[in-house]
Amino acid sequence: MVLDISNILSIFIGAIQSYEVIGGLLLLLLVFFIVRTTPSKMYKGPALGSGKMFDIIARRYDFINRVMAIGMDQGWRRAMVRALNIQPQDQCLDLATGTADVAMEMGRAILSPSDTQTSKGHVLGVDPSVKMLEVGRRKVQRAGMSTVVTLEVVTGEGDGQQLDLEDDRFDKVSIAFGIRNIPDRPRALREMRRVIKANARSRLAILEFTDPEGHLLAPLARAFVRFGVPRIGALLSGRVDEYMHLHHSIVKFPQPAEFERMIEEAGFKCIRQQQFCFGTVCLFLAEPVTIRTSH
């Protein structure tokens, strides 16, 4: 069942999305009021976490994200792009770009001190989901950013494990809420290191759900991210199995310290780690080291 409550929730989101603490507390309270949603025991759809799975949920993906995070996800993405310190001449890559929210923020950062006539920078967003990119392209066109943001569909292991891109091509590389779905994360990180330039301005930014710990409200936050968020997505989309995959992928994702070590083993140096919403989301910022690891 899909509930058409977009207008009411949009007003609610707009009223509180600027206040992360209030939003976080509301998220935690919602866990006690989520309807019980049970995934099917005989799932026969596309591989969970694959491009084809995201094709199924693409149409309402942005709206559901805004509801599940009470609009705070947009702020998290903006914080990631700010951390990259993008310059007008930068060549940027956004992996698992989906509906292009991050790619467009990168484009705005490239254009902010100039305009489409003088900027030399460019953003390439790649994703294995055709339908998600269709939504993204419409957004890019409406924003008048087609000259600075290009979206491309990738196939096979184009989810990040094997990129059909040149070595040392990009100044900035990002992936938001996508590396959790990549089967071989160390391999994907090595690919990111391969395509990023080894200079003082180059940066890698990864934004991902994490299992919160070390905070007074961590148990409630953990419960909401593991159980509340997937069930909200399932309720609003009518796709139970696809959104329950979110729960399982979060549980399997390494703790921040462990993932930071994984990033560094791929040839980066982590220079910053920032947590949002009681530790349920973490931003990892890294720079490439001079000597690249073998792959």
# chains A, B, ... in the order shown; residues from 1 in each chain; ligands from 1
call {"tool": "select_by_dssp", "arguments": {"residues": "range 132-285 of chain A", "states": "strand (DSSP E)", "output": "number ranges by chain"}}
result
A: 149-153, 172-176, 203-209, 268-276, 281-285
call {"tool": "residues_around", "arguments": {"residues": "Gln91 in chain A", "least_positions_apart": "6", "cutoff": "10 Å", "atoms": "only C-alpha atoms", "output": "PyMOL selection string"}}
result
chain A and resi 106+110+120-124+148+169-173+196-197+202
call {"tool": "write_last_selection", "arguments": {"atoms": "N, CA and C atoms", "output": "PDB file, in the first residue's frame"}}
result
ATOM      1  N   MET A 106      27.613  19.235  -6.184  1.00  0.00           N
ATOM      2  CA  MET A 106      28.961  19.450  -6.708  1.00  0.00           C
ATOM      3  C   MET A 106      28.943  20.475  -7.838  1.00  0.00           C
ATOM      4  N   ILE A 110      30.908  24.116  -8.182  1.00  0.00           N
ATOM      5  CA  ILE A 110      31.746  24.508  -9.318  1.00  0.00           C
ATOM      6  C   ILE A 110      31.303  25.853  -9.875  1.00  0.00           C
ATOM      7  N   LYS A 120      35.469  25.695 -15.747  1.00  0.00           N
ATOM      8  CA  LYS A 120      36.085  24.589 -16.468  1.00  0.00           C
ATOM      9  C   LYS A 120      35.859  23.251 -15.761  1.00  0.00           C
ATOM     10  N   GLY A 121      35.252  23.296 -14.610  1.00  0.00           N
ATOM     11  CA  GLY A 121      35.018  22.076 -13.860  1.00  0.00           C
ATOM     12  C   GLY A 121      33.854  21.279 -14.423  1.00  0.00           C
ATOM     13  N   HIS A 122      33.776  20.032 -14.000  1.00  0.00           N
ATOM     14  CA  HIS A 122      32.711  19.157 -14.491  1.00  0.00           C
ATOM     15  C   HIS A 122      32.450  18.063 -13.468  1.00  0.00           C
ATOM     16  N   VAL A 123      31.211  17.579 -13.454  1.00  0.00           N
ATOM     17  CA  VAL A 123      30.813  16.497 -12.563  1.00  0.00           C
ATOM     18  C   VAL A 123      30.309  15.325 -13.398  1.00  0.00           C
ATOM     19  N   LEU A 124      30.847  14.153 -13.139  1.00  0.00           N
ATOM     20  CA  LEU A 124      30.345  12.920 -13.748  1.00  0.00           C
ATOM     21  C   LEU A 124      29.693  12.092 -12.645  1.00  0.00           C
ATOM     22  N   VAL A 148      27.320  21.228 -16.901  1.00  0.00           N
ATOM     23  CA  VAL A 148      28.349  20.953 -15.892  1.00  0.00           C
ATOM     24  C   VAL A 148      28.177  19.594 -15.221  1.00  0.00           C
ATOM     25  N   ARG A 169      42.174  10.791 -13.006  1.00  0.00           N
ATOM     26  CA  ARG A 169      41.317  11.696 -13.785  1.00  0.00           C
ATOM     27  C   ARG A 169      40.623  12.746 -12.937  1.00  0.00           C
ATOM     28  N   PHE A 170      40.293  12.428 -11.673  1.00  0.00           N
ATOM     29  CA  PHE A 170      39.406  13.294 -10.900  1.00  0.00           C
ATOM     30  C   PHE A 170      40.114  13.956  -9.721  1.00  0.00           C
ATOM     31  N   ASP A 171      39.682  15.199  -9.443  1.00  0.00           N
ATOM     32  CA  ASP A 171      40.184  15.917  -8.272  1.00  0.00           C
ATOM     33  C   ASP A 171      39.384  15.554  -7.027  1.00  0.00           C
ATOM     34  N   LYS A 172      38.080  15.307  -7.196  1.00  0.00           N
ATOM     35  CA  LYS A 172      37.210  15.009  -6.069  1.00  0.00           C
ATOM     36  C   LYS A 172      36.334  13.798  -6.408  1.00  0.00           C
ATOM     37  N   VAL A 173      36.236  12.879  -5.455  1.00  0.00           N
ATOM     38  CA  VAL A 173      35.415  11.669  -5.627  1.00  0.00           C
ATOM     39  C   VAL A 173      34.497  11.541  -4.424  1.00  0.00           C
ATOM     40  N   ILE A 196      41.525   8.834  -8.831  1.00  0.00           N
ATOM     41  CA  ILE A 196      41.699  10.157  -8.243  1.00  0.00           C
ATOM     42  C   ILE A 196      43.137  10.620  -8.436  1.00  0.00           C
ATOM     43  N   LYS A 197      43.297  11.920  -8.656  1.00  0.00           N
ATOM     44  CA  LYS A 197      44.631  12.493  -8.820  1.00  0.00           C
ATOM     45  C   LYS A 197      45.363  12.509  -7.482  1.00  0.00           C
ATOM     46  N   SER A 202      43.245  16.978  -3.920  1.00  0.00           N
ATOM     47  CA  SER A 202      42.360  15.835  -4.160  1.00  0.00           C
ATOM     48  C   SER A 202      41.753  15.338  -2.854  1.00  0.00           C
TER      49      SER A 202
END
call {"tool": "atom_distance", "arguments": {"atom1": "CA of Val67 in chain A", "atom2": "CA of Ile232 in chain A"}}
result
8.1 Å
call {"tool": "closest_residue", "arguments": {"among": "A:Met53, A:Ile182, A:Leu95, A:Ala69", "to": "Gly233 in chain A", "atoms": "only C-alpha atoms"}}
result
A:Ala69
call {"tool": "residues_around", "arguments": {"residues": "Ala143 in chain A", "least_positions_apart": "3", "cutoff": "12 Å", "atoms": "only C-alpha atoms", "output": "number ranges by chain"}}
result
A: 100-101, 103-105, 107-108, 136-140, 146-149
call {"tool": "closest_residue", "arguments": {"among": "A:Leu163, A:Met145, A:Val281, A:Val135", "to": "Met80 in chain A", "atoms": "only C-alpha atoms"}}
result
A:Val281
call {"tool": "closest_residue", "arguments": {"among": "A:Phe253, A:Ala223, A:Pro128, A:Ala176", "to": "Ala79 in chain A", "atoms": "only C-alpha atoms"}}
result
A:Ala176
call {"tool": "select_by_dssp", "arguments": {"residues": "range 95-282 of chain A", "states": "alpha helix (DSSP H)", "output": "number ranges by chain"}}
result
A: 101-111, 130-142, 185-195, 218-223, 229-237, 240-252, 256-265
call {"tool": "closest_residue", "arguments": {"among": "A:Glu134, A:Phe54, A:Val154, A:Glu166", "to": "Asn181 in chain A", "atoms": "only C-alpha atoms"}}
result
A:Phe54
call {"tool": "closest_residue", "arguments": {"among": "A:Ile250, A:Ile56, A:Ala286, A:Val130", "to": "Phe224 in chain A", "atoms": "only C-alpha atoms"}}
result
A:Ile250
call {"tool": "closest_residue", "arguments": {"among": "A:Val229, A:Leu84, A:Met68, A:Met262", "to": "Asp184 in chain A", "atoms": "only C-alpha atoms"}}
result
A:Met262
